[in-house]
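Dumped data-v1.txt below, it's compact mmCIF, C-alpha atoms:
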# COMPACT_ATOMS: atom_id res chain seq x y z
CA MET A 21 89.10 128.15 188.68
CA SER A 22 85.48 128.87 187.80
CA ASN A 23 86.59 130.43 184.49
CA LEU A 24 88.58 127.28 183.69
CA ASN A 25 85.58 125.10 184.42
CA ALA A 26 83.41 127.32 182.24
CA THR A 27 85.93 127.00 179.42
CA ASN A 28 85.95 123.22 179.79
CA ARG A 29 82.17 123.14 179.73
CA ILE A 30 82.13 125.25 176.59
CA ASP A 31 84.71 123.00 174.96
CA MET A 32 82.80 119.86 175.91
CA ARG A 33 79.60 121.41 174.60
CA THR A 34 81.32 122.30 171.32
CA LEU A 35 82.74 118.80 170.99
CA PHE A 36 79.31 117.30 171.68
CA THR A 37 77.65 119.67 169.19
CA PHE A 38 80.20 118.76 166.53
CA PHE A 39 80.51 115.02 167.01
CA VAL A 40 77.01 113.77 167.81
CA PRO A 41 74.99 115.31 164.93
CA SER A 42 77.89 114.80 162.50
CA LEU A 43 78.30 111.13 163.39
CA ILE A 44 74.55 110.59 163.03
CA GLY A 45 74.70 112.33 159.64
CA VAL A 46 77.67 110.21 158.51
CA PHE A 47 75.83 107.07 159.58
CA LEU A 48 72.62 108.03 157.78
CA PHE A 49 74.12 109.39 154.55
CA MET A 50 77.54 107.81 154.12
CA THR A 51 77.69 104.43 155.90
CA PRO A 52 77.16 101.42 153.61
CA VAL A 53 74.82 98.78 154.98
CA PRO A 54 73.95 95.44 153.36
CA ILE A 55 70.39 94.92 152.16
CA GLY A 56 70.10 91.43 150.71
CA GLU A 57 72.92 91.12 148.21
CA ALA A 58 73.21 94.88 147.62
CA MET A 59 74.79 97.73 149.58
CA THR A 60 73.00 100.98 150.34
CA ILE A 61 72.88 103.67 153.04
CA PRO A 62 70.45 104.00 155.98
CA ILE A 63 68.71 107.08 154.54
CA ALA A 64 67.86 105.05 151.41
CA VAL A 65 66.49 102.22 153.59
CA MET A 66 64.37 104.72 155.51
CA ALA A 67 63.16 106.30 152.26
CA LYS A 68 62.15 102.84 151.02
CA ALA A 69 60.18 102.28 154.24
CA VAL A 70 58.43 105.65 153.84
CA GLN A 71 57.68 104.82 150.22
CA GLN A 72 56.04 101.54 151.24
CA TRP A 73 54.10 103.25 154.03
CA ILE A 74 52.64 105.93 151.75
CA ALA A 75 52.12 103.54 148.80
CA PRO A 76 48.28 103.35 149.15
CA PHE A 77 47.89 107.13 148.81
CA ALA A 78 51.24 108.22 147.29
CA LEU A 79 49.98 108.92 143.76
CA GLY A 80 47.06 111.02 145.00
CA LEU A 81 49.33 112.91 147.40
CA ILE A 82 51.97 113.64 144.75
CA THR A 83 49.31 114.67 142.21
CA SER A 84 47.85 117.07 144.78
CA ILE A 85 51.28 118.58 145.52
CA VAL A 86 52.00 119.18 141.82
CA CYS A 87 48.54 120.70 141.29
CA ILE A 88 48.81 122.93 144.38
CA THR A 89 52.21 124.13 143.15
CA GLY A 90 50.84 124.96 139.70
CA ILE A 91 47.68 126.70 140.95
CA LEU A 92 49.38 128.73 143.71
CA SER A 93 52.19 129.77 141.36
CA LEU A 94 49.61 130.96 138.80
CA VAL A 95 47.57 132.85 141.41
CA ILE A 96 50.65 134.58 142.85
CA LYS A 97 51.97 135.46 139.38
CA LEU A 98 48.67 136.96 138.22
CA PHE A 99 47.27 138.57 141.37
CA LYS A 100 50.27 139.13 143.74
CA PRO A 101 48.19 138.51 146.90
CA GLN A 102 50.08 140.37 149.66
CA PRO A 103 48.62 138.33 152.57
CA LEU A 104 50.32 135.26 151.07
CA LEU A 105 53.51 136.94 149.88
CA LYS A 106 54.35 138.24 153.36
CA TYR A 107 55.28 134.66 154.30
CA PHE A 108 58.85 133.96 153.16
CA ILE A 109 58.24 130.27 152.46
CA ILE A 110 55.24 131.06 150.21
CA LYS A 111 57.13 133.72 148.27
CA HIS A 112 60.22 131.49 147.99
CA LEU A 113 58.32 128.47 146.70
CA PHE A 114 55.62 129.96 144.47
CA ASP A 115 56.75 133.39 143.22
CA VAL A 116 58.57 132.19 140.08
CA SER A 117 59.34 133.47 136.58
CA TRP A 118 56.99 132.95 133.63
CA LEU A 119 59.26 130.20 132.32
CA TRP A 120 59.08 128.16 135.52
CA LEU A 121 55.38 128.86 135.84
CA SER A 122 54.90 127.35 132.36
CA VAL A 123 56.93 124.28 133.34
CA ARG A 124 54.91 123.82 136.54
CA LEU A 125 51.61 124.15 134.68
CA LEU A 126 52.80 121.62 132.08
CA GLY A 127 53.73 119.24 134.91
CA MET A 128 50.27 119.76 136.40
CA VAL A 129 48.56 118.95 133.10
CA PHE A 130 50.71 115.86 132.58
CA ILE A 131 50.11 114.53 136.08
CA ILE A 132 46.33 115.09 136.00
CA LEU A 133 46.04 113.27 132.66
CA THR A 134 48.29 110.45 133.84
CA TYR A 135 46.63 110.05 137.25
CA THR A 136 43.12 109.98 135.77
CA LYS A 137 44.28 107.87 132.78
CA GLN A 138 42.21 110.07 130.51
CA GLY A 139 44.85 111.66 128.30
CA PRO A 140 46.54 110.81 125.01
CA GLU A 141 48.44 107.52 125.03
CA MET A 142 51.76 109.23 124.37
CA ILE A 143 51.40 111.16 127.65
CA ILE A 144 49.93 108.51 129.95
CA SER A 145 51.60 105.33 128.66
CA SER A 146 53.69 103.07 130.90
CA ASN A 147 56.84 104.28 129.12
CA THR A 148 56.19 108.02 129.54
CA GLY A 149 53.94 109.77 132.08
CA ALA A 150 53.00 106.63 134.00
CA LEU A 151 56.68 105.72 134.32
CA VAL A 152 57.46 109.11 135.87
CA LEU A 153 54.38 109.21 138.13
CA ASN A 154 54.30 105.57 139.28
CA ASP A 155 57.98 104.64 139.39
CA LEU A 156 60.01 107.81 139.85
CA LEU A 157 58.05 110.44 141.78
CA PRO A 158 57.18 108.25 144.83
CA VAL A 159 60.89 107.43 145.21
CA LEU A 160 61.91 111.07 144.88
CA PHE A 161 59.18 112.21 147.29
CA SER A 162 60.40 109.81 149.99
CA VAL A 163 64.06 110.77 149.45
CA PHE A 164 63.27 114.50 149.42
CA VAL A 165 61.28 114.41 152.65
CA LEU A 166 63.79 112.37 154.63
CA ALA A 167 66.97 113.82 153.13
CA GLY A 168 65.59 117.35 153.42
CA LEU A 169 64.75 116.89 157.10
CA LEU A 170 68.04 115.20 157.99
CA LEU A 171 70.56 117.05 155.78
CA PRO A 172 71.21 119.71 158.46
CA LEU A 173 73.02 116.98 160.42
CA LEU A 174 75.67 116.97 157.69
CA LEU A 175 75.56 120.64 156.80
CA ASN A 176 75.29 122.62 160.03
CA PHE A 177 77.55 121.14 162.70
CA GLY A 178 81.06 121.37 161.25
CA LEU A 179 81.55 118.09 159.39
CA LEU A 180 81.72 119.70 155.94
CA GLU A 181 84.09 122.35 157.25
CA LEU A 182 86.41 119.64 158.61
CA VAL A 183 86.33 117.51 155.44
CA GLY A 184 86.42 120.55 153.18
CA THR A 185 89.52 122.03 154.78
CA LEU A 186 91.32 118.68 154.85
CA LEU A 187 90.55 117.79 151.23
CA THR A 188 90.79 121.20 149.55
CA LYS A 189 94.42 120.54 148.55
CA VAL A 190 93.16 117.48 146.64
CA MET A 191 89.80 118.62 145.25
CA ARG A 192 90.78 122.17 144.29
CA PRO A 193 93.76 121.41 141.97
CA LEU A 194 92.20 118.27 140.46
CA PHE A 195 88.59 119.32 139.96
CA GLY A 196 88.44 123.06 140.72
CA VAL A 197 85.98 122.63 143.62
CA PRO A 198 86.17 122.88 147.42
CA GLY A 199 87.06 119.84 149.48
CA ARG A 200 83.58 119.69 151.03
CA SER A 201 82.22 118.52 147.66
CA ALA A 202 83.77 115.10 148.42
CA VAL A 203 80.93 114.56 150.89
CA ASN A 204 78.37 115.21 148.13
CA CYS A 205 80.09 112.63 145.96
CA VAL A 206 80.18 109.95 148.66
CA ALA A 207 76.52 110.51 149.57
CA SER A 208 75.56 110.14 145.89
CA TRP A 209 77.85 107.18 145.29
CA LEU A 210 76.58 105.18 148.27
CA GLY A 211 73.00 106.38 148.26
CA ASP A 212 71.34 108.35 145.48
CA GLY A 213 72.30 111.09 143.03
CA SER A 214 69.28 113.14 144.07
CA VAL A 215 70.73 113.39 147.59
CA GLY A 216 73.93 114.87 146.15
CA ILE A 217 71.98 117.44 144.13
CA LEU A 218 69.90 118.38 147.18
CA MET A 219 73.10 118.90 149.20
CA THR A 220 74.71 120.94 146.42
CA ALA A 221 71.66 123.17 145.92
CA ARG A 222 71.39 123.89 149.64
CA GLN A 223 75.10 124.71 150.01
CA TYR A 224 74.99 126.91 146.90
CA GLU A 225 72.13 128.95 148.36
CA ASP A 226 74.05 129.18 151.64
CA LYS A 227 77.11 130.63 149.81
CA HIS A 228 79.45 127.70 150.32
CA TYR A 229 79.76 127.15 146.55
CA THR A 230 80.12 129.69 143.76
CA GLN A 231 78.04 129.46 140.58
CA ARG A 232 80.85 127.62 138.81
CA GLU A 233 81.48 125.24 141.70
CA ALA A 234 77.79 124.40 142.14
CA ALA A 235 77.40 123.73 138.40
CA ILE A 236 80.49 121.48 138.36
CA ILE A 237 79.48 119.54 141.48
CA GLY A 238 75.85 119.13 140.39
CA THR A 239 76.77 117.83 136.94
CA THR A 240 79.90 115.87 137.88
CA PHE A 241 79.75 114.57 141.44
CA SER A 242 76.06 113.65 141.80
CA ALA A 243 76.87 110.14 140.64
CA VAL A 244 74.39 107.29 140.54
CA SER A 245 74.48 104.82 143.39
CA ILE A 246 76.10 101.40 143.53
CA THR A 247 72.63 99.90 143.87
CA PHE A 248 71.43 101.42 140.60
CA CYS A 249 74.60 100.26 138.87
CA LEU A 250 73.62 96.73 139.88
CA VAL A 251 70.20 97.26 138.28
CA VAL A 252 71.72 98.54 135.03
CA ILE A 253 74.27 95.72 134.63
CA GLY A 254 71.54 93.20 135.49
CA GLN A 255 69.31 94.62 132.74
CA VAL A 256 71.93 93.77 130.10
CA LYS A 257 72.39 90.30 131.66
CA LEU A 258 76.03 90.79 132.68
CA GLU A 259 75.70 90.57 136.47
CA HIS A 260 78.78 88.32 136.62
CA LEU A 261 80.84 91.28 135.34
CA PHE A 262 79.75 93.75 138.02
CA ALA A 263 83.25 94.21 139.52
CA PRO A 264 84.93 95.17 136.20
CA PHE A 265 81.81 97.13 135.25
CA TYR A 266 81.94 99.26 138.40
CA LEU A 267 85.70 99.71 138.06
CA THR A 268 85.09 101.00 134.52
CA VAL A 269 82.33 103.37 135.69
CA CYS A 270 84.56 104.82 138.42
CA LEU A 271 87.54 105.26 136.09
CA ALA A 272 85.47 106.87 133.31
CA GLY A 273 83.74 109.12 135.86
CA LEU A 274 87.11 110.23 137.23
CA VAL A 275 88.40 111.09 133.74
CA ALA A 276 85.22 113.07 133.02
CA ALA A 277 85.55 114.92 136.34
CA LEU A 278 89.10 115.93 135.43
CA ILE A 279 88.32 117.09 131.87
CA VAL A 280 84.71 118.30 131.49
CA PRO A 281 84.84 121.12 134.12
CA ARG A 282 87.76 122.62 132.18
CA LEU A 283 85.66 122.88 129.00
CA PRO A 284 82.73 125.16 128.12
CA PRO A 285 80.07 125.64 129.39
CA LEU A 286 81.29 124.83 132.92
CA ARG A 287 84.57 126.65 132.37
CA PHE A 288 82.76 129.92 131.71
CA LYS A 289 80.54 129.87 134.80
CA LYS A 290 81.17 132.83 137.13
CA ASP A 291 83.05 132.50 140.40
CA LEU A 292 80.34 134.41 142.24
CA TYR A 293 78.07 133.34 145.07
CA PHE A 294 74.30 132.94 144.86
CA ASP A 295 73.77 136.61 145.75
CA GLY A 296 76.39 137.87 143.28
CA SER A 297 79.10 138.50 145.89
CA GLU A 298 82.69 137.41 145.37
CA PRO A 299 84.34 134.62 147.42
CA ASP A 300 87.23 135.33 149.75
CA LYS A 301 90.32 134.16 147.83
CA ASP A 302 92.23 133.55 151.08
CA ALA A 303 89.48 131.58 152.82
CA GLU A 304 91.08 128.20 152.02
CA LEU A 305 94.61 129.14 153.09
CA VAL A 306 96.01 127.58 156.25
CA PRO A 307 97.00 130.40 158.67
CA GLU A 308 100.64 130.70 159.64
CA GLY A 309 101.58 128.74 162.75
CA LYS A 310 98.83 126.15 162.22
CA THR A 311 98.90 122.68 160.74
CA LEU A 312 96.26 121.57 158.26
CA ILE A 313 94.66 119.28 160.84
CA SER A 314 94.56 121.88 163.62
CA HIS A 315 93.13 124.49 161.25
CA SER A 316 90.51 121.99 160.01
CA LEU A 317 89.41 121.30 163.59
CA ASP A 318 89.31 125.02 164.43
CA VAL A 319 87.08 125.73 161.41
CA ALA A 320 84.82 122.78 162.24
CA PHE A 321 84.46 123.76 165.91
CA ALA A 322 83.77 127.38 164.96
CA LYS A 323 80.89 126.15 162.83
CA ALA A 324 79.63 123.93 165.65
CA ARG A 325 79.59 126.89 168.07
CA THR A 326 77.24 128.82 165.76
CA ALA A 327 75.04 125.83 164.86
CA PRO A 328 71.29 126.34 165.26
CA GLY A 329 69.56 124.59 168.13
CA PHE A 330 67.08 121.77 167.86
CA VAL A 331 64.19 124.01 166.77
CA GLY A 332 66.35 125.84 164.22
CA THR A 333 67.56 122.53 162.77
CA ILE A 334 64.00 121.23 162.44
CA LYS A 335 62.90 124.47 160.73
CA GLU A 336 65.75 124.27 158.23
CA GLY A 337 65.02 120.61 157.55
CA LEU A 338 61.36 121.38 156.87
CA HIS A 339 62.39 124.23 154.57
CA ASN A 340 64.67 121.85 152.65
CA ALA A 341 61.93 119.25 152.32
CA PHE A 342 59.26 121.74 151.17
CA ASP A 343 61.72 123.32 148.74
CA MET A 344 62.45 120.03 146.97
CA VAL A 345 58.94 118.55 147.12
CA PHE A 346 57.05 121.60 145.83
CA ALA A 347 59.70 123.09 143.55
CA VAL A 348 61.18 119.98 141.96
CA LEU A 349 58.45 117.33 141.63
CA PRO A 350 56.45 119.40 139.07
CA VAL A 351 59.62 119.97 137.04
CA VAL A 352 60.48 116.26 137.05
CA MET A 353 56.94 115.43 135.91
CA ALA A 354 57.02 118.02 133.11
CA VAL A 355 60.58 117.59 131.82
CA GLY A 356 60.81 113.84 132.44
CA THR A 357 57.53 113.06 130.67
CA PHE A 358 58.33 115.35 127.75
CA ALA A 359 61.79 113.81 127.27
CA LEU A 360 60.37 110.29 127.39
CA ILE A 361 57.67 111.20 124.84
CA ILE A 362 60.40 112.36 122.46
CA ALA A 363 62.42 109.18 123.07
CA GLU A 364 59.44 106.86 122.72
CA TYR A 365 57.40 108.42 119.90
CA THR A 366 59.89 110.25 117.68
CA PRO A 367 63.09 109.21 115.88
CA ILE A 368 64.91 112.35 117.07
CA PHE A 369 67.34 110.56 119.38
CA GLU A 370 67.94 107.85 116.79
CA TYR A 371 68.90 110.46 114.18
CA MET A 372 71.07 112.28 116.69
CA GLY A 373 72.95 109.05 117.39
CA LYS A 374 73.93 108.47 113.75
CA PRO A 375 77.02 110.75 113.84
CA PHE A 376 78.43 108.45 116.53
CA VAL A 377 78.52 105.43 114.18
CA PRO A 378 81.94 106.31 112.65
CA PHE A 379 83.30 107.07 116.12
CA LEU A 380 82.15 103.68 117.43
CA GLU A 381 83.51 101.92 114.36
CA LEU A 382 86.85 103.69 114.87
CA LEU A 383 86.86 102.36 118.44
CA GLN A 384 86.08 98.87 117.04
CA VAL A 385 82.79 98.51 118.91
CA PRO A 386 80.81 95.48 117.66
CA GLU A 387 77.32 96.26 116.28
CA ALA A 388 78.25 99.94 116.11
CA GLU A 389 75.08 101.07 114.32
CA ALA A 390 72.76 99.49 116.88
CA ALA A 391 74.90 100.88 119.70
CA ALA A 392 74.78 104.40 118.24
CA GLN A 393 70.97 104.41 118.48
CA THR A 394 71.22 104.03 122.26
CA ILE A 395 73.74 106.80 122.90
CA MET A 396 71.57 109.91 122.68
CA VAL A 397 68.45 108.36 124.20
CA GLY A 398 70.32 108.34 127.52
CA PHE A 399 69.63 112.08 127.70
CA ALA A 400 65.95 111.25 128.21
CA ASP A 401 66.43 108.48 130.76
CA MET A 402 69.47 106.54 131.94
CA PHE A 403 67.72 103.18 131.94
CA ILE A 404 66.44 103.25 128.34
CA PRO A 405 69.83 102.49 126.66
CA SER A 406 70.17 99.29 128.70
CA ILE A 407 66.61 98.26 127.85
CA LEU A 408 67.31 98.78 124.14
CA ALA A 409 70.65 96.98 124.36
CA ALA A 410 69.16 93.97 126.14
CA GLY A 411 66.60 93.50 123.38
CA SER A 412 68.60 94.20 120.23
CA ILE A 413 72.35 93.65 120.78
CA GLU A 414 74.06 90.26 120.91
CA SER A 415 77.64 91.27 121.74
CA ASP A 416 78.56 91.15 125.45
CA VAL A 417 81.23 93.79 124.83
CA THR A 418 78.73 96.22 123.29
CA ARG A 419 76.11 95.65 126.00
CA PHE A 420 78.81 96.26 128.62
CA ILE A 421 79.81 99.52 126.87
CA ILE A 422 76.22 100.76 126.62
CA ALA A 423 75.48 99.98 130.28
CA ALA A 424 78.63 101.75 131.50
CA MET A 425 78.09 104.68 129.16
CA SER A 426 74.49 105.22 130.33
CA VAL A 427 75.73 105.51 133.92
CA THR A 428 78.68 107.82 133.23
CA GLN A 429 76.67 110.16 130.98
CA LEU A 430 75.02 111.21 134.27
CA ILE A 431 72.72 113.90 132.83
CA TYR A 432 69.30 112.41 132.10
CA MET A 433 66.16 114.50 132.02
CA SER A 434 63.78 112.06 133.72
CA GLU A 435 65.58 112.67 137.03
CA VAL A 436 69.02 114.30 137.40
CA GLY A 437 68.49 116.89 134.65
CA ALA A 438 65.04 117.80 135.94
CA LEU A 439 66.35 118.03 139.51
CA LEU A 440 69.13 120.39 138.41
CA LEU A 441 66.69 122.54 136.44
CA GLY A 442 64.29 122.65 139.38
CA SER A 443 67.02 123.76 141.80
CA LYS A 444 68.78 127.13 142.00
CA ILE A 445 71.99 125.62 140.56
CA PRO A 446 72.85 127.87 137.55
CA VAL A 447 72.50 125.54 134.56
CA ASN A 448 69.92 125.53 131.78
CA ILE A 449 68.71 122.71 129.55
CA ILE A 450 70.97 123.66 126.62
CA GLU A 451 74.03 123.64 128.87
CA LEU A 452 72.98 120.29 130.31
CA PHE A 453 72.73 118.87 126.79
CA PHE A 454 76.25 120.05 125.93
CA ILE A 455 77.60 118.62 129.19
CA PHE A 456 75.88 115.33 128.34
CA ILE A 457 77.58 115.27 124.92
CA LEU A 458 80.97 116.14 126.42
CA ARG A 459 80.66 113.43 129.06
CA THR A 460 79.75 110.94 126.31
CA LEU A 461 82.74 111.86 124.14
CA VAL A 462 85.17 111.85 127.07
CA THR A 463 84.04 108.64 128.76
CA LEU A 464 83.33 106.49 125.70
CA PRO A 465 87.00 105.82 124.73
CA VAL A 466 87.81 104.90 128.35
CA ILE A 467 84.82 102.55 128.55
CA VAL A 468 85.59 100.90 125.20
CA LEU A 469 89.23 100.38 126.16
CA MET A 470 88.20 98.77 129.46
CA ALA A 471 85.52 96.66 127.76
CA HIS A 472 87.95 95.22 125.21
CA TRP A 473 90.35 94.45 128.05
CA LEU A 474 87.97 93.07 130.67
CA VAL A 475 85.03 91.45 128.86

Now that the file is in, can you turn its structure into structure tokens?
Amino acid sequence: MSNLNATNRIDMRTLFTFFVPSLIGVFLFMTPVPIGEAMTIPIAVMAKAVQQWIAPFALGLITSIVCITGILSLVIKLFKPQPLLKYFIIKHLFDVSWLWLSVRLLGMVFIILTYTKQGPEMIISSNTGALVLNDLLPVLFSVFVLAGLLLPLLLNFGLLELVGTLLTKVMRPLFGVPGRSAVNCVASWLGDGSVGILMTARQYEDKHYTQREAAIIGTTFSAVSITFCLVVIGQVKLEHLFAPFYLTVCLAGLVAALIVPRLPPLRFKKDLYFDGSEPDKDAELVPEGKTLISHSLDVAFAKARTAPGFVGTIKEGLHNAFDMVFAVLPVVMAVGTFALIIAEYTPIFEYMGKPFVPFLELLQVPEAEAAAQTIMVGFADMFIPSILAAGSIESDVTRFIIAAMSVTQLIYMSEVGALLLGSKIPVNIIELFFIFILRTLVTLPVIVLMAHWLV
């Protein structure tokens, strides 16, 4: 009798460990809540509150973090101080390659010049460095801190195992990724793409995704939020078309998710884990004698039984937050500012857009030449094409196409691209550029077809 009671207690404890943290995580990261006329998720509301709270000292704090990262990385690279390197977190964050050291030092230079307003205009202007420092980094800082601290609620207590096992028969044949990636997509879709990348990077390092899977998920499923879609369509003065616009974005994104992972460079990524080990090919099979649902619950409860306690969860959350804040903010400052300088002060993106003119004319896009100039600039920042379209293009159809295209291109260096480069996800800037081009070529015909039909 006592053994039976012990078993019941263990089962109740497992159920509690699975359900309570997972439900809190689902509420925070995946439950839409209305804010004014828009929908968002609680973690985004909390991040906004943190952003407002730190506003008086945010720029100084972020500048200090980027400078500390650059200086410590340089000191550790040059002098290898053993008293510092014996701490895992120090070694993990600051012992980087010469390439990443150069990027961090460039980010430090950019942020010092921008913060002090003493540098060349092309670096510190409101459309380059000041845009990244004042508008982007405080948002990312707030999201990184909160999402980093709270992500273990989604990752550690069995929810992803449950969803992953249930949805593998859908996600694996369609997109070549595990079912658990659906959670990344929903968190991005309802909240923020940076949350999806943070989740993907953490799960990749924890050997839940292979190199190929992490690259696919990071460049395909870290979609922009509904809220930002509202901002983009509002910029081109087509708010009344939001419903068809979002339908178009979802359809084009689905087509890209089906096609782009089957093409180079994603196709050639290795099916190896972060440490180079091979995945178990039978891990996703349902054992004989079990149903899919019963197996999903068994896997989820097994994860819940081995979940870290309160202290372990807090430690992992702090590690996540430090990892993103110190490793990624300098990269966003360096890469984002550099990309915006190229977009703002050189005709490079304009020239690169010219080959798209015949393609747009073939698709019967009005004002094709003006539209072509906006296509490649989306690689620097997703919002710039809509700004250009609002000021120079008369056709509603073309403005609709440009707005939808800028969202579905997904890879832009002022945020998503820089976040991917700053993470351990195995993609480089050249691969990101090719993925950007592929996503443009794949989604553009879908968007144009929908625009001619709906606008």

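Minimum atom-to-atom distance to Ile413 in chain A, evaluated using all atoms listed in the file, belongs to A:Gln393 out of A:Thr268, A:Thr89, A:Asn448, A:Gln393.
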
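Rounded to one decimal, CA of Phe330 in chain A and CA of Arg222 in chain A lie 18.8 Å from each other.
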
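Pairwise distance (CA of Glu435 in chain A, CA of Leu464 in chain A) equals 21.9 Å.
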
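The space separating CA of Ala390 in chain A from CA of Leu360 in chain A comes to 19.5 Å.
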
Residues within 9 Å of range 126-139 of chain A, all atoms listed in the file, excluding chain neighbours under 2 positions, as a ChimeraX atom specification:
/A:79-80,82-83,86-91,121-124,141-145,149-150,153,349-355,357

At a cut-off of 12 Å, using only C-alpha atoms, what residues contact Leu441 in chain A? Leave out same-chain residues fewer than 4 positions from it and give the result as an MDAnalysis selection string.
chainID A and resid 119:120 123:124 217:218 221 235 238:239 344 347:352 354:356 431:437 445:453

With C-alpha atoms kept, could you save the residues just selected as a compact mmCIF listing (two decimals), in the coordinates of the input?
# COMPACT_ATOMS: atom_id res chain seq x y z
CA LEU A 119 59.26 130.20 132.32
CA TRP A 120 59.08 128.16 135.52
CA VAL A 123 56.93 124.28 133.34
CA ARG A 124 54.91 123.82 136.54
CA ILE A 217 71.98 117.44 144.13
CA LEU A 218 69.90 118.38 147.18
CA ALA A 221 71.66 123.17 145.92
CA ALA A 235 77.40 123.73 138.40
CA GLY A 238 75.85 119.13 140.39
CA THR A 239 76.77 117.83 136.94
CA MET A 344 62.45 120.03 146.97
CA ALA A 347 59.70 123.09 143.55
CA VAL A 348 61.18 119.98 141.96
CA LEU A 349 58.45 117.33 141.63
CA PRO A 350 56.45 119.40 139.07
CA VAL A 351 59.62 119.97 137.04
CA VAL A 352 60.48 116.26 137.05
CA ALA A 354 57.02 118.02 133.11
CA VAL A 355 60.58 117.59 131.82
CA GLY A 356 60.81 113.84 132.44
CA ILE A 431 72.72 113.90 132.83
CA TYR A 432 69.30 112.41 132.10
CA MET A 433 66.16 114.50 132.02
CA SER A 434 63.78 112.06 133.72
CA GLU A 435 65.58 112.67 137.03
CA VAL A 436 69.02 114.30 137.40
CA GLY A 437 68.49 116.89 134.65
CA ILE A 445 71.99 125.62 140.56
CA PRO A 446 72.85 127.87 137.55
CA VAL A 447 72.50 125.54 134.56
CA ASN A 448 69.92 125.53 131.78
CA ILE A 449 68.71 122.71 129.55
CA ILE A 450 70.97 123.66 126.62
CA GLU A 451 74.03 123.64 128.87
CA LEU A 452 72.98 120.29 130.31
CA PHE A 453 72.73 118.87 126.79

Write out as a PyMOL selection string each polymer residue whose atoms come within 9 Å of Ser162 in chain A, counting all atoms listed in the file; drop sequence neighbours fewer than 2 positions from it.
chain A and resi 64+66-71+74+157-160+164-167

Pick from A:Phe456, A:Pro54, A:Leu182, A:Lys100 nearest to Ala322 in chain A, counting all atoms listed in the file:
A:Leu182

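Every protein, DNA or RNA residue with an atom at most 9 Å from range 43-49 of chain A, where all atoms listed in the file count and chain neighbours fewer than 5 positions away do not, is listed here: Phe38, Ile61, Pro62, Ile63, Ala64, Ala167, Leu170, Leu171, Pro172, Leu173, Leu174, Leu175, Leu179, Val206, Ala207, Ser208, Leu210, Gly211 and Val215 of chain A.
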
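The shortest atom-to-atom distance to Thr230 in chain A, with only C-alpha atoms taken into account, belongs to A:Leu292 out of A:Gly213, A:Gly254, A:Leu292, A:Val197.
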
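Proximity ranking of A:Met470, A:Gly178, A:Phe358, A:Ser314 relative to Leu267 in chain A places A:Met470 first, based on all atoms listed in the file.
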
Protein, DNA and RNA residues within 9 Å of (73.5, 102.1, 127.2), only C-alpha atoms, as JSON, numbers by chain
{"A": [252, 256, 391, 394, 395, 397, 398, 402, 403, 404, 405, 406, 407, 408, 409, 418, 419, 420, 421, 422, 423, 424, 425, 426, 427]}

Please save C-alpha atoms of the selected residues as a PDB file, in the frame of the given file.
ATOM      1  CA  VAL A 252      71.720  98.540 135.030  1.00  0.00           C
ATOM      2  CA  VAL A 256      71.930  93.770 130.100  1.00  0.00           C
ATOM      3  CA  ALA A 391      74.900 100.880 119.700  1.00  0.00           C
ATOM      4  CA  THR A 394      71.220 104.030 122.260  1.00  0.00           C
ATOM      5  CA  ILE A 395      73.740 106.800 122.900  1.00  0.00           C
ATOM      6  CA  VAL A 397      68.450 108.360 124.200  1.00  0.00           C
ATOM      7  CA  GLY A 398      70.320 108.340 127.520  1.00  0.00           C
ATOM      8  CA  MET A 402      69.470 106.540 131.940  1.00  0.00           C
ATOM      9  CA  PHE A 403      67.720 103.180 131.940  1.00  0.00           C
ATOM     10  CA  ILE A 404      66.440 103.250 128.340  1.00  0.00           C
ATOM     11  CA  PRO A 405      69.830 102.490 126.660  1.00  0.00           C
ATOM     12  CA  SER A 406      70.170  99.290 128.700  1.00  0.00           C
ATOM     13  CA  ILE A 407      66.610  98.260 127.850  1.00  0.00           C
ATOM     14  CA  LEU A 408      67.310  98.780 124.140  1.00  0.00           C
ATOM     15  CA  ALA A 409      70.650  96.980 124.360  1.00  0.00           C
ATOM     16  CA  THR A 418      78.730  96.220 123.290  1.00  0.00           C
ATOM     17  CA  ARG A 419      76.110  95.650 126.000  1.00  0.00           C
ATOM     18  CA  PHE A 420      78.810  96.260 128.620  1.00  0.00           C
ATOM     19  CA  ILE A 421      79.810  99.520 126.870  1.00  0.00           C
ATOM     20  CA  ILE A 422      76.220 100.760 126.620  1.00  0.00           C
ATOM     21  CA  ALA A 423      75.480  99.980 130.280  1.00  0.00           C
ATOM     22  CA  ALA A 424      78.630 101.750 131.500  1.00  0.00           C
ATOM     23  CA  MET A 425      78.090 104.680 129.160  1.00  0.00           C
ATOM     24  CA  SER A 426      74.490 105.220 130.330  1.00  0.00           C
ATOM     25  CA  VAL A 427      75.730 105.510 133.920  1.00  0.00           C
TER      26      VAL A 427
END

Just so I have it separately, write range 262-273 of chain A from the block I sent, keeping C-alpha atoms, as an mmCIF file, in the first residue's frame.
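The resulting file, part00.cif, is reproduced below:
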data_model
loop_
_atom_site.group_PDB
_atom_site.id
_atom_site.type_symbol
_atom_site.label_atom_id
_atom_site.label_comp_id
_atom_site.auth_asym_id
_atom_site.auth_seq_id
_atom_site.Cartn_x
_atom_site.Cartn_y
_atom_site.Cartn_z
ATOM 1 C CA PHE A 262 -4.209 43.984 -43.417
ATOM 2 C CA ALA A 263 -6.264 40.761 -43.623
ATOM 3 C CA PRO A 264 -5.324 39.968 -47.267
ATOM 4 C CA PHE A 265 -1.802 41.218 -46.565
ATOM 5 C CA TYR A 266 -1.298 38.808 -43.662
ATOM 6 C CA LEU A 267 -2.887 35.962 -45.626
ATOM 7 C CA THR A 268 -0.376 36.657 -48.403
ATOM 8 C CA VAL A 269 2.557 36.745 -45.956
ATOM 9 C CA CYS A 270 1.535 33.406 -44.417
ATOM 10 C CA LEU A 271 1.031 31.723 -47.800
ATOM 11 C CA ALA A 272 4.328 33.015 -49.227
ATOM 12 C CA GLY A 273 6.144 32.033 -46.020
#
